[in-house]
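Listing of structure-v5.tsv; format and content: TSV, C-alpha atoms.
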chain	number	residue	atom	x	y	z
A	69	MET	CA	84.44	77.71	93.01
A	70	GLU	CA	83.31	76.05	89.78
A	71	PHE	CA	84.74	77.34	86.50
A	72	SER	CA	83.24	76.83	83.08
A	73	SER	CA	86.73	76.83	81.57
A	74	LYS	CA	89.81	74.78	82.40
A	75	LEU	CA	92.03	77.64	81.15
A	76	ILE	CA	90.47	80.08	83.58
A	77	GLN	CA	90.68	77.55	86.39
A	78	ASN	CA	94.36	77.00	85.69
A	79	ALA	CA	95.18	80.72	85.63
A	80	VAL	CA	93.17	81.36	88.80
A	81	ASN	CA	94.92	78.51	90.60
A	82	GLU	CA	98.35	79.82	89.64
A	83	ILE	CA	97.60	83.45	90.54
A	84	SER	CA	95.99	82.54	93.86
A	85	GLN	CA	99.24	80.92	94.99
A	86	LEU	CA	100.66	84.43	95.36
A	87	PRO	CA	100.54	85.80	98.91
A	88	GLY	CA	97.46	87.85	99.76
A	89	ILE	CA	95.58	86.88	96.60
A	90	GLY	CA	92.60	84.56	96.94
A	91	LYS	CA	90.57	82.82	94.25
A	92	ARG	CA	88.09	85.68	93.89
A	93	THR	CA	90.79	88.31	93.40
A	94	ALA	CA	92.62	85.98	91.02
A	95	LEU	CA	89.47	85.59	88.92
A	96	ARG	CA	89.02	89.36	88.87
A	97	LEU	CA	92.60	89.76	87.60
A	98	VAL	CA	92.13	87.12	84.90
A	99	LEU	CA	88.91	88.73	83.69
A	100	HIS	CA	90.69	92.08	83.64
A	101	LEU	CA	93.50	90.65	81.49
A	102	LEU	CA	90.94	89.15	79.10
A	103	ARG	CA	89.56	92.63	78.46
A	104	GLN	CA	93.02	94.12	77.77
A	105	PRO	CA	95.09	93.85	74.58
A	106	ASN	CA	97.16	90.66	74.16
A	107	SER	CA	100.38	92.64	74.48
A	108	GLN	CA	99.74	93.47	78.14
A	109	THR	CA	99.47	89.83	79.17
A	110	GLU	CA	102.53	88.94	77.13
A	111	GLU	CA	104.61	91.75	78.63
A	112	LEU	CA	103.50	90.74	82.12
A	113	ALA	CA	104.37	87.08	81.56
A	114	LYS	CA	107.71	87.97	79.98
A	115	SER	CA	108.72	90.34	82.78
A	116	LEU	CA	107.92	87.70	85.41
A	117	VAL	CA	109.99	85.02	83.71
A	118	SER	CA	112.91	87.33	83.04
A	119	VAL	CA	113.03	88.78	86.56
A	120	LYS	CA	113.08	85.23	87.90
A	121	ASN	CA	115.69	83.89	85.47
A	122	GLU	CA	118.02	86.85	85.08
A	123	ILE	CA	118.05	88.51	88.48
A	124	LYS	CA	121.37	88.46	90.33
A	125	PHE	CA	122.19	88.96	93.96
A	126	CYS	CA	125.04	91.29	94.89
A	127	SER	CA	127.96	89.11	95.97
A	128	VAL	CA	128.84	91.60	98.71
A	129	CYS	CA	125.56	92.53	100.40
A	130	ASN	CA	123.02	90.07	98.86
A	131	ASN	CA	120.92	92.98	97.65
A	132	ILE	CA	119.13	92.36	94.38
A	133	SER	CA	121.06	93.69	91.43
A	134	ASP	CA	121.38	93.49	87.67
A	135	ASN	CA	125.16	93.08	88.01
A	136	GLN	CA	127.57	91.02	90.07
A	137	ILE	CA	127.94	93.87	92.57
A	138	CYS	CA	125.04	96.22	93.31
A	139	GLU	CA	125.16	99.97	92.74
A	140	ILE	CA	125.40	100.73	96.45
A	141	CYS	CA	128.35	98.42	97.13
A	142	ALA	CA	130.07	99.59	93.93
A	143	ASN	CA	129.74	103.26	94.89
A	144	PRO	CA	133.14	104.51	96.13
A	145	LYS	CA	131.47	107.40	97.97
A	146	ARG	CA	129.72	105.08	100.43
A	147	ASP	CA	131.34	104.46	103.79
A	148	ASN	CA	132.23	100.78	103.95
A	149	SER	CA	133.04	100.88	107.67
A	150	ILE	CA	129.33	101.18	108.61
A	151	LEU	CA	127.06	98.25	107.85
A	152	CYS	CA	123.28	98.31	108.17
A	153	ILE	CA	121.70	94.87	108.66
A	154	VAL	CA	118.25	94.53	107.07
A	155	GLU	CA	115.82	91.73	106.29
A	156	ASP	CA	115.20	92.19	102.59
A	157	ILE	CA	115.59	94.58	99.69
A	158	ARG	CA	112.41	96.46	100.55
A	159	ASP	CA	114.17	97.65	103.69
A	160	VAL	CA	117.17	98.76	101.63
A	161	MET	CA	114.81	100.75	99.41
A	162	ALA	CA	113.04	102.26	102.42
A	163	ILE	CA	116.29	103.38	104.07
A	164	GLU	CA	117.77	104.60	100.78
A	165	SER	CA	114.71	106.78	100.20
A	166	THR	CA	115.48	108.66	103.47
A	167	SER	CA	118.93	109.71	102.16
A	168	SER	CA	120.06	109.49	105.81
A	169	PHE	CA	122.49	106.60	105.50
A	170	LYS	CA	125.77	106.67	103.64
A	171	GLY	CA	127.17	103.28	104.67
A	172	LEU	CA	126.63	99.86	103.12
A	173	TYR	CA	123.94	97.26	103.68
A	174	HIS	CA	123.89	93.59	104.50
A	175	VAL	CA	120.68	91.84	103.43
A	176	LEU	CA	119.91	88.78	105.58
A	177	GLY	CA	117.13	87.50	103.36
A	178	GLY	CA	114.69	87.07	106.24
A	179	LYS	CA	114.76	86.66	109.99
A	180	ILE	CA	115.06	83.67	112.30
A	181	SER	CA	111.57	82.24	112.62
A	182	PRO	CA	111.25	78.65	113.86
A	183	MET	CA	107.48	78.81	113.22
A	184	ASP	CA	108.15	79.24	109.51
A	185	GLY	CA	111.04	76.78	109.55
A	186	ILE	CA	113.67	79.50	109.04
A	187	GLY	CA	116.84	78.97	111.07
A	188	PRO	CA	120.13	80.91	111.13
A	189	ASP	CA	121.53	78.67	108.38
A	190	ASP	CA	118.86	79.90	105.96
A	191	LEU	CA	120.03	83.51	106.31
A	192	ASN	CA	123.16	85.27	105.08
A	193	ILE	CA	124.71	85.40	108.54
A	194	ASP	CA	128.02	83.61	107.82
A	195	SER	CA	129.09	86.21	105.28
A	196	LEU	CA	128.17	88.95	107.76
A	197	VAL	CA	130.42	87.41	110.42
A	198	GLU	CA	133.22	87.15	107.85
A	199	LYS	CA	132.90	90.86	107.09
A	200	VAL	CA	133.08	91.74	110.79
A	201	LYS	CA	135.99	89.35	111.32
A	202	SER	CA	137.99	91.00	108.53
A	203	GLY	CA	138.10	94.17	110.67
A	204	GLU	CA	136.84	96.34	107.84
A	205	VAL	CA	133.54	97.08	109.56
A	206	LYS	CA	133.63	99.51	112.49
A	207	GLU	CA	129.91	99.85	113.20
A	208	LEU	CA	126.90	97.56	112.78
A	209	ILE	CA	123.40	99.03	112.71
A	210	PHE	CA	120.58	96.55	113.35
A	211	ALA	CA	117.56	97.63	111.32
A	212	LEU	CA	115.36	94.55	111.56
A	213	SER	CA	111.66	94.83	112.27
A	214	SER	CA	110.71	95.17	115.91
A	215	THR	CA	109.04	91.79	116.33
A	216	MET	CA	109.86	88.67	118.29
A	217	GLU	CA	111.61	87.21	115.23
A	218	GLY	CA	113.49	90.42	114.53
A	219	ASP	CA	114.69	90.68	118.13
A	220	THR	CA	115.74	87.01	118.13
A	221	THR	CA	117.77	87.53	114.97
A	222	ASN	CA	119.34	90.69	116.38
A	223	PHE	CA	120.36	88.88	119.54
A	224	TYR	CA	121.69	85.84	117.68
A	225	ILE	CA	123.94	88.00	115.51
A	226	TYR	CA	124.93	90.17	118.48
A	227	LYS	CA	126.16	87.08	120.34
A	228	LEU	CA	128.08	85.84	117.29
A	229	ILE	CA	130.00	89.07	116.75
A	230	GLY	CA	130.50	89.85	120.48
A	231	GLN	CA	134.13	88.70	120.36
A	232	PHE	CA	135.06	91.20	117.64
A	233	ASN	CA	135.84	94.85	118.10
A	234	VAL	CA	132.79	96.48	116.53
A	235	VAL	CA	130.29	99.11	117.68
A	236	THR	CA	126.67	97.96	117.50
A	237	SER	CA	123.47	99.98	117.50
A	238	THR	CA	119.81	99.55	116.58
A	239	ILE	CA	117.60	102.08	114.85
A	240	ALA	CA	115.60	104.24	117.28
A	241	ARG	CA	112.08	103.15	118.22
A	242	GLY	CA	109.66	105.85	119.25
A	243	VAL	CA	106.62	107.90	118.40
A	244	SER	CA	106.43	108.71	114.67
A	245	VAL	CA	107.16	112.25	113.59
A	246	GLY	CA	103.84	114.07	113.30
A	247	ASP	CA	101.95	111.59	115.49
A	248	ASP	CA	99.81	112.56	118.47
A	249	LEU	CA	101.04	110.97	121.71
A	250	GLU	CA	97.56	109.76	122.60
A	251	TYR	CA	97.49	107.45	119.58
A	252	ALA	CA	100.91	105.86	120.21
A	253	ASP	CA	100.84	102.37	121.73
A	254	GLU	CA	102.12	101.99	125.29
A	255	ILE	CA	105.23	99.97	124.42
A	256	THR	CA	106.41	102.44	121.79
A	257	LEU	CA	105.70	105.43	124.01
A	258	GLY	CA	107.37	103.72	126.97
A	259	ARG	CA	110.49	102.97	124.95
A	260	SER	CA	110.60	106.51	123.61
A	261	ILE	CA	110.75	107.81	127.19
A	262	ILE	CA	113.39	105.33	128.36
A	263	ASN	CA	115.53	105.98	125.26
A	264	ARG	CA	115.05	109.76	125.30
A	265	ILE	CA	117.67	111.80	123.48
A	266	PRO	CA	119.35	115.13	124.33
A	267	PHE	CA	117.12	117.96	123.13
A	268	GLU	CA	119.96	119.49	121.08
A	269	ASN	CA	120.10	116.27	118.99
A	270	SER	CA	116.38	116.44	118.18
A	271	ILE	CA	116.66	119.88	116.57
A	272	LYS	CA	119.65	119.00	114.42
A	273	ASN	CA	117.60	117.43	111.60
B	129	MET	CA	109.99	104.19	94.29
B	130	GLU	CA	113.63	103.64	93.30
B	131	PHE	CA	114.69	100.14	92.32
B	132	SER	CA	118.22	98.84	92.28
B	133	SER	CA	117.35	96.56	89.37
B	134	LYS	CA	115.75	97.28	86.00
B	135	LEU	CA	114.34	93.75	85.92
B	136	ILE	CA	112.51	94.27	89.20
B	137	GLN	CA	111.32	97.69	88.10
B	138	ASN	CA	109.95	96.21	84.89
B	139	ALA	CA	108.11	93.40	86.66
B	140	VAL	CA	106.70	95.77	89.29
B	141	ASN	CA	105.47	98.17	86.60
B	142	GLU	CA	103.71	95.37	84.72
B	143	ILE	CA	102.11	93.82	87.80
B	144	SER	CA	100.96	97.17	89.18
B	145	GLN	CA	98.90	97.74	86.04
B	146	LEU	CA	96.50	95.11	87.32
B	147	PRO	CA	93.46	96.53	89.13
B	148	GLY	CA	93.79	96.88	92.90
B	149	ILE	CA	97.54	96.20	92.90
B	150	GLY	CA	99.88	99.08	93.68
B	151	LYS	CA	103.65	99.29	93.43
B	152	ARG	CA	104.24	98.09	96.98
B	153	THR	CA	102.07	95.00	96.57
B	154	ALA	CA	103.64	94.33	93.18
B	155	LEU	CA	107.10	94.43	94.74
B	156	ARG	CA	105.96	92.05	97.48
B	157	LEU	CA	104.69	89.63	94.82
B	158	VAL	CA	107.94	89.83	92.82
B	159	LEU	CA	110.04	89.18	95.94
B	160	HIS	CA	107.79	86.24	96.75
B	161	LEU	CA	108.28	84.76	93.29
B	162	LEU	CA	112.06	85.17	93.62
B	163	ARG	CA	111.98	82.96	96.71
B	164	GLN	CA	109.94	80.24	94.98
B	165	PRO	CA	111.21	77.58	92.55
B	166	ASN	CA	111.53	78.63	88.89
B	167	SER	CA	108.71	76.30	87.89
B	168	GLN	CA	106.10	78.36	89.75
B	169	THR	CA	106.88	81.55	87.84
B	170	GLU	CA	106.95	79.67	84.56
B	171	GLU	CA	103.62	77.97	85.23
B	172	LEU	CA	102.11	81.32	86.20
B	173	ALA	CA	103.40	83.06	83.08
B	174	LYS	CA	102.30	80.17	80.85
B	175	SER	CA	98.80	80.03	82.32
B	176	LEU	CA	98.34	83.79	81.82
B	177	VAL	CA	99.41	83.68	78.18
B	178	SER	CA	97.36	80.60	77.38
B	179	VAL	CA	94.18	81.85	79.06
B	180	LYS	CA	94.51	85.05	77.05
B	181	ASN	CA	95.28	83.39	73.72
B	182	GLU	CA	93.14	80.27	73.83
B	183	ILE	CA	90.01	81.32	75.67
B	184	LYS	CA	86.78	81.25	73.67
B	185	PHE	CA	83.45	82.91	74.24
B	186	CYS	CA	80.29	80.86	73.89
B	187	SER	CA	78.65	81.88	70.62
B	188	VAL	CA	75.20	81.64	72.20
B	189	CYS	CA	75.50	83.38	75.60
B	190	ASN	CA	78.99	85.00	75.50
B	191	ASN	CA	79.97	83.09	78.62
B	192	ILE	CA	83.62	82.10	78.75
B	193	SER	CA	84.15	78.56	77.52
B	194	ASP	CA	86.80	76.16	76.28
B	195	ASN	CA	84.54	75.21	73.34
B	196	GLN	CA	82.41	76.97	70.74
B	197	ILE	CA	79.32	76.54	72.89
B	198	CYS	CA	79.55	76.57	76.70
B	199	GLU	CA	78.47	73.66	78.90
B	200	ILE	CA	75.36	75.46	80.09
B	201	CYS	CA	74.05	76.30	76.61
B	202	ALA	CA	74.96	72.81	75.36
B	203	ASN	CA	73.07	71.11	78.21
B	204	PRO	CA	69.72	69.78	76.80
B	205	LYS	CA	68.24	69.66	80.32
B	206	ARG	CA	68.34	73.48	80.70
B	207	ASP	CA	65.18	75.43	79.90
B	208	ASN	CA	65.98	77.64	76.91
B	209	SER	CA	62.76	79.65	77.26
B	210	ILE	CA	64.09	81.48	80.38
B	211	LEU	CA	67.05	83.81	79.95
B	212	CYS	CA	68.95	85.40	82.80
B	213	ILE	CA	70.81	88.61	81.85
B	214	VAL	CA	74.06	89.13	83.76
B	215	GLU	CA	77.08	91.43	83.53
B	216	ASP	CA	79.95	88.96	83.42
B	217	ILE	CA	80.95	85.36	84.01
B	218	ARG	CA	81.41	85.89	87.74
B	219	ASP	CA	77.66	86.44	87.97
B	220	VAL	CA	77.03	83.24	86.01
B	221	MET	CA	79.25	81.39	88.49
B	222	ALA	CA	77.49	83.00	91.46
B	223	ILE	CA	74.01	82.08	90.21
B	224	GLU	CA	75.10	78.58	89.14
B	225	SER	CA	76.43	77.93	92.63
B	226	THR	CA	72.93	78.51	94.05
B	227	SER	CA	71.48	75.65	91.91
B	228	SER	CA	68.28	77.73	91.81
B	229	PHE	CA	68.21	78.49	88.10
B	230	LYS	CA	67.65	75.99	85.32
B	231	GLY	CA	67.38	78.38	82.37
B	232	LEU	CA	70.12	79.84	80.18
B	233	TYR	CA	72.24	82.97	80.59
B	234	HIS	CA	73.06	85.96	78.46
B	235	VAL	CA	76.34	87.65	79.41
B	236	LEU	CA	76.38	91.35	78.50
B	237	GLY	CA	80.08	91.82	79.19
B	238	GLY	CA	79.57	94.90	81.38
B	239	LYS	CA	76.95	97.58	81.92
B	240	ILE	CA	76.23	100.93	80.32
B	241	SER	CA	78.57	103.40	82.02
B	242	PRO	CA	79.23	106.71	80.23
B	243	MET	CA	81.77	107.61	82.93
B	244	ASP	CA	83.93	104.65	81.84
B	245	GLY	CA	83.20	105.21	78.16
B	246	ILE	CA	81.01	102.10	77.89
B	247	GLY	CA	77.93	102.57	75.73
B	248	PRO	CA	75.24	100.10	74.60
B	249	ASP	CA	77.27	99.24	71.47
B	250	ASP	CA	80.11	97.88	73.62
B	251	LEU	CA	77.80	95.29	75.18
B	252	ASN	CA	76.22	92.12	73.76
B	253	ILE	CA	72.78	93.68	73.53
B	254	ASP	CA	72.08	93.12	69.81
B	255	SER	CA	72.34	89.36	70.10
B	256	LEU	CA	70.01	89.48	73.11
B	257	VAL	CA	67.39	91.37	71.11
B	258	GLU	CA	67.75	88.80	68.32
B	259	LYS	CA	67.07	85.99	70.76
B	260	VAL	CA	63.94	87.72	72.06
B	261	LYS	CA	62.81	88.54	68.53
B	262	SER	CA	63.05	84.88	67.49
B	263	GLY	CA	60.23	84.11	69.96
B	264	GLU	CA	62.20	81.32	71.61
B	265	VAL	CA	62.54	83.21	74.89
B	266	LYS	CA	59.43	83.46	77.07
B	267	GLU	CA	60.93	85.11	80.16
B	268	LEU	CA	63.82	87.49	80.77
B	269	ILE	CA	65.32	87.82	84.25
B	270	PHE	CA	67.41	90.95	84.85
B	271	ALA	CA	70.21	90.07	87.26
B	272	LEU	CA	72.45	93.13	86.95
B	273	SER	CA	73.93	94.79	89.99
B	274	SER	CA	71.71	97.28	91.75
B	275	THR	CA	73.66	100.42	90.87
B	276	MET	CA	72.95	103.46	88.72
B	277	GLU	CA	74.74	101.78	85.79
B	278	GLY	CA	72.95	98.47	86.33
B	279	ASP	CA	69.55	100.18	86.46
B	280	THR	CA	70.36	102.22	83.34
B	281	THR	CA	71.30	99.06	81.46
B	282	ASN	CA	68.16	97.26	82.67
B	283	PHE	CA	65.98	100.13	81.52
B	284	TYR	CA	67.73	100.43	78.14
B	285	ILE	CA	67.20	96.74	77.40
B	286	TYR	CA	63.64	96.84	78.77
B	287	LYS	CA	62.77	99.63	76.31
B	288	LEU	CA	64.34	97.74	73.40
B	289	ILE	CA	62.42	94.53	73.96
B	290	GLY	CA	59.14	96.22	75.01
B	291	GLN	CA	57.57	95.54	71.60
B	292	PHE	CA	58.04	91.76	71.88
B	293	ASN	CA	55.88	89.33	73.78
B	294	VAL	CA	58.13	88.40	76.67
B	295	VAL	CA	57.72	88.34	80.45
B	296	THR	CA	60.38	90.38	82.31
B	297	SER	CA	61.42	90.26	85.94
B	298	THR	CA	64.36	91.34	88.10
B	299	ILE	CA	65.90	89.39	90.92
B	300	ALA	CA	64.44	90.26	94.35
B	301	ARG	CA	66.17	92.94	96.43
B	302	GLY	CA	65.78	92.72	100.17
B	303	VAL	CA	67.34	91.98	103.51
B	304	SER	CA	69.84	89.11	103.30
B	305	VAL	CA	68.87	85.79	104.79
B	306	GLY	CA	70.27	85.66	108.34
B	307	ASP	CA	70.71	89.45	108.62
B	308	ASP	CA	69.38	91.53	111.48
B	309	LEU	CA	66.94	94.21	110.32
B	310	GLU	CA	68.74	96.91	112.29
B	311	TYR	CA	71.85	96.51	110.13
B	312	ALA	CA	70.07	96.67	106.78
B	313	ASP	CA	70.36	99.99	104.93
B	314	GLU	CA	67.16	102.06	104.57
B	315	ILE	CA	66.80	101.65	100.80
B	316	THR	CA	67.12	97.87	100.90
B	317	LEU	CA	64.74	97.60	103.87
B	318	GLY	CA	62.31	100.03	102.22
B	319	ARG	CA	62.27	98.01	99.01
B	320	SER	CA	61.83	94.77	100.90
B	321	ILE	CA	58.65	96.18	102.47
B	322	ILE	CA	57.25	97.55	99.22
B	323	ASN	CA	58.03	94.30	97.37
B	324	ARG	CA	56.85	92.02	100.15
B	325	ILE	CA	55.86	88.49	99.14
B	326	PRO	CA	53.00	86.24	100.27
B	327	PHE	CA	54.03	84.44	103.46
B	328	GLU	CA	53.33	81.04	101.91
B	329	ASN	CA	55.99	81.72	99.26
B	330	SER	CA	58.62	82.48	101.88
B	331	ILE	CA	58.30	79.08	103.53
B	332	LYS	CA	58.45	77.12	100.28
B	333	ASN	CA	62.25	77.11	100.07

Give the structure from the file, written as structure tokens.
Amino acid sequence: MEFSSKLIQNAVNEISQLPGIGKRTALRLVLHLLRQPNSQTEELAKSLVSVKNEIKFCSVCNNISDNQICEICANPKRDNSILCIVEDIRDVMAIESTSSFKGLYHVLGGKISPMDGIGPDDLNIDSLVEKVKSGEVKELIFALSSTMEGDTTNFYIYKLIGQFNVVTSTIARGVSVGDDLEYADEITLGRSIINRIPFENSIKN
Amino acid sequence: MEFSSKLIQNAVNEISQLPGIGKRTALRLVLHLLRQPNSQTEELAKSLVSVKNEIKFCSVCNNISDNQICEICANPKRDNSILCIVEDIRDVMAIESTSSFKGLYHVLGGKISPMDGIGPDDLNIDSLVEKVKSGEVKELIFALSSTMEGDTTNFYIYKLIGQFNVVTSTIARGVSVGDDLEYADEITLGRSIINRIPFENSIKN
């Protein structure tokens, strides 16, 4: 793409480095900003710089937080004997929005993925093992995504903590609530039959 | 969506004001930036502010430019008797990349769209009429998009300049080069039959 302006070219190049945004979309965004008042661009730029410079990570669970310890870990009403292992803060937000979990989280910051050059040392696994070792945690819930990388990470952690006295579980996989069976994929449907639950449990919620 | 951090919330709100970007995508972008080196966010923020503050519009054609007059208008080899009317700079870039046009452009900055509150006064139509009035322009090519708004804008301008001695044309509408006829929509195919061209012309390019 040829640009008649170095400024535009620069902005498009920077924006198109973001994931899922190509040069055409970047140009559309720049042209949009040019039509808006100056304040919008300045607010946008300021918020990006400040989120990057001022954000903290919770020293307990690695969740993103404005303070040293995040609101969830600091909440005395949460059950600190149950720990839910997730990939990133989006998963924390997703589970929090269900209001179904009253324990604490442990954010790994990704999953083991040799293809992307991410090994166990790049994730917050050591601090997880420390927590389990301390004996404070009674149950670990694996809530990673159901992919090859997620399963690998699950298994790696499972092996590491095998020597400690802790109950482990993974979130249930099955047909979504409200979904027709005919549209479910075979693997999901198959797993939902193998891991069927007592009928009385299904009517509790 | 509930955020555990005001900084994240702020950044997500600002980013999701951009067209085509919702809160989920905005959050994905913020989390991506948090994983990148500080310099990337700073470069991005700087490029956005500088494109907004320093960009100039060519005083002749309203194209975006780093100087008072854009490279196209300043080029003595371009034919200033042919003027191509386009909506915005993306159209200039698209036509320039074909290398099929050696005249100058006139960027309207949008099209007449009462639904979006855009009337003729919001567009660069007056300066276009001035150019035609001066007698310098011999031919006007309408290259607006083929929508209700584009056609309205074409017609509005056509009426305004009707009194002057200038040849007008619109870019050809028809089946795309390389497309199968069966996949062309009826209106496009219909127009391409009505506006058929002498066979000799089609083999010239």

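Of the residues under consideration (B:Asp219, B:Asp249, B:Glu310, B:Glu264), B:Asp219 shows the shortest atom-to-atom contact distance to chain A when counting all atoms listed in the file.
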
Return as JSON lines the residues of chain A lying at most 8 Å from chain B, together with the closest atom-to-atom pair for each and the distance in Å to one decimal, counting all atoms listed in the file, with rows in chain order and ascending residue number.
{"residue": "A:Met69", "atom": "CA", "partner": "B:Met221", "partner_atom": "CA", "distance": 7.8}
{"residue": "A:Glu70", "atom": "CA", "partner": "B:Met221", "partner_atom": "CA", "distance": 6.8}
{"residue": "A:Phe71", "atom": "CA", "partner": "B:Met221", "partner_atom": "CA", "distance": 7.1}
{"residue": "A:Ser72", "atom": "CA", "partner": "B:Ser193", "partner_atom": "CA", "distance": 5.9}
{"residue": "A:Ser73", "atom": "CA", "partner": "B:Ser193", "partner_atom": "CA", "distance": 5.1}
{"residue": "A:Lys74", "atom": "CA", "partner": "B:Asp194", "partner_atom": "CA", "distance": 7.0}
{"residue": "A:Leu75", "atom": "CA", "partner": "B:Val179", "partner_atom": "CA", "distance": 5.2}
{"residue": "A:Ile76", "atom": "CA", "partner": "B:Val179", "partner_atom": "CA", "distance": 6.1}
{"residue": "A:Asn78", "atom": "CA", "partner": "B:Ser175", "partner_atom": "CA", "distance": 6.3}
{"residue": "A:Ala79", "atom": "CA", "partner": "B:Ser175", "partner_atom": "CA", "distance": 5.0}
{"residue": "A:Glu82", "atom": "CA", "partner": "B:Leu172", "partner_atom": "CA", "distance": 5.3}
{"residue": "A:Ile83", "atom": "CA", "partner": "B:Leu172", "partner_atom": "CA", "distance": 6.6}
{"residue": "A:Leu86", "atom": "CA", "partner": "B:Leu157", "partner_atom": "CA", "distance": 6.6}
{"residue": "A:Pro87", "atom": "CA", "partner": "B:Leu157", "partner_atom": "CA", "distance": 7.0}
{"residue": "A:Leu97", "atom": "CA", "partner": "B:Leu146", "partner_atom": "CA", "distance": 6.6}
{"residue": "A:Val98", "atom": "CA", "partner": "B:Leu176", "partner_atom": "CA", "distance": 7.7}
{"residue": "A:His100", "atom": "CA", "partner": "B:Leu146", "partner_atom": "CA", "distance": 7.5}
{"residue": "A:Leu101", "atom": "CA", "partner": "B:Lys180", "partner_atom": "CA", "distance": 7.2}
{"residue": "A:Leu102", "atom": "CA", "partner": "B:Lys180", "partner_atom": "CA", "distance": 5.8}
{"residue": "A:Asn106", "atom": "CA", "partner": "B:Lys180", "partner_atom": "CA", "distance": 6.8}
{"residue": "A:Gln108", "atom": "CA", "partner": "B:Glu142", "partner_atom": "CA", "distance": 7.9}
{"residue": "A:Thr109", "atom": "CA", "partner": "B:Val177", "partner_atom": "CA", "distance": 6.2}
{"residue": "A:Glu110", "atom": "CA", "partner": "B:Val177", "partner_atom": "CA", "distance": 6.2}
{"residue": "A:Glu111", "atom": "CA", "partner": "B:Glu142", "partner_atom": "CA", "distance": 7.1}
{"residue": "A:Leu112", "atom": "CA", "partner": "B:Glu142", "partner_atom": "CA", "distance": 5.3}
{"residue": "A:Ala113", "atom": "CA", "partner": "B:Ala173", "partner_atom": "CA", "distance": 4.4}
{"residue": "A:Lys114", "atom": "CA", "partner": "B:Ala173", "partner_atom": "CA", "distance": 7.2}
{"residue": "A:Ser115", "atom": "CA", "partner": "B:Ala139", "partner_atom": "CA", "distance": 5.0}
{"residue": "A:Leu116", "atom": "CA", "partner": "B:Ala139", "partner_atom": "CA", "distance": 5.8}
{"residue": "A:Val117", "atom": "CA", "partner": "B:Glu170", "partner_atom": "CA", "distance": 6.2}
{"residue": "A:Ser118", "atom": "CA", "partner": "B:Leu135", "partner_atom": "CA", "distance": 7.2}
{"residue": "A:Val119", "atom": "CA", "partner": "B:Leu135", "partner_atom": "CA", "distance": 5.2}
{"residue": "A:Lys120", "atom": "CA", "partner": "B:Leu162", "partner_atom": "CA", "distance": 5.8}
{"residue": "A:Asn121", "atom": "CA", "partner": "B:Asn166", "partner_atom": "CA", "distance": 7.5}
{"residue": "A:Glu122", "atom": "CA", "partner": "B:Leu135", "partner_atom": "CA", "distance": 7.9}
{"residue": "A:Ile123", "atom": "CA", "partner": "B:Leu135", "partner_atom": "CA", "distance": 6.9}
{"residue": "A:Ile132", "atom": "CA", "partner": "B:Ser133", "partner_atom": "CA", "distance": 6.8}
{"residue": "A:Ser133", "atom": "CA", "partner": "B:Ser133", "partner_atom": "CA", "distance": 5.1}
{"residue": "A:Asp134", "atom": "CA", "partner": "B:Ser133", "partner_atom": "CA", "distance": 5.3}
{"residue": "A:Cys138", "atom": "CA", "partner": "B:Ser132", "partner_atom": "CA", "distance": 7.4}
{"residue": "A:Glu139", "atom": "CA", "partner": "B:Ser132", "partner_atom": "CA", "distance": 7.0}
{"residue": "A:Met161", "atom": "CA", "partner": "B:Glu130", "partner_atom": "CA", "distance": 6.9}
{"residue": "A:Ser165", "atom": "CA", "partner": "B:Glu130", "partner_atom": "CA", "distance": 7.7}

What's the 12 Å shell around Phe283 (chain B), counting all atoms listed in the file, without same-chain residues fewer than 4 positions away, as a PyMOL selection string?
chain B and resi 239-240+248+270+272+276-279+287-290+296-298

For CA of Asn252 (chain B) and CA of Ile285 (chain B), determine how far apart the two atoms are, in Å to one decimal place.
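Interatomic distance here is 10.8 Å.
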
Å distance separating CA of Ser244 (chain A) from CA of Lys170 (chain A), one decimal place:
22.4 Å

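As for CA of Asp307 (chain B) and CA of Asn329 (chain B), they are spaced 19.1 Å apart.
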
First collect every listed atom of region 313-316 of chain B; then fit an axis-aligned box around them, widen it by 8 Å on each side, and give centre and edge lengths in Å to one decimal, as AutoDock Vina command-line options.
--center_x 68.6 --center_y 100.0 --center_z 102.9 --size_x 19.6 --size_y 20.2 --size_z 20.1

Using all atoms listed in the file, pick whichever of A:Ser202, A:Asn222, A:Asn143, A:Asn130 has the shortest atom-to-atom distance to His174 (chain A).
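Once distances to His174 (chain A) are computed over all atoms listed in the file, the minimum belongs to A:Asn130.
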
B:Asp308, B:Asp207, B:Glu258, B:Glu314 ranked by distance to Gly231 (chain B), top pick (using only C-alpha atoms)
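Closest to Gly231 (chain B) of all the choices is B:Asp207.
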
Residues within 10 Å of Asn233 (chain A), please, as number ranges by chain. Count all atoms listed in the file; anything in the same chain fewer than 2 positions from it doesn't count.
A: 200-201, 203, 205-207, 229-231, 235-236

Which is closest to Leu151 (chain A) among A:Ser270, A:Gly90, A:Tyr173, A:Ala211, if we use all atoms listed in the file?
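So, comparing all the options, the nearest one is A:Tyr173.
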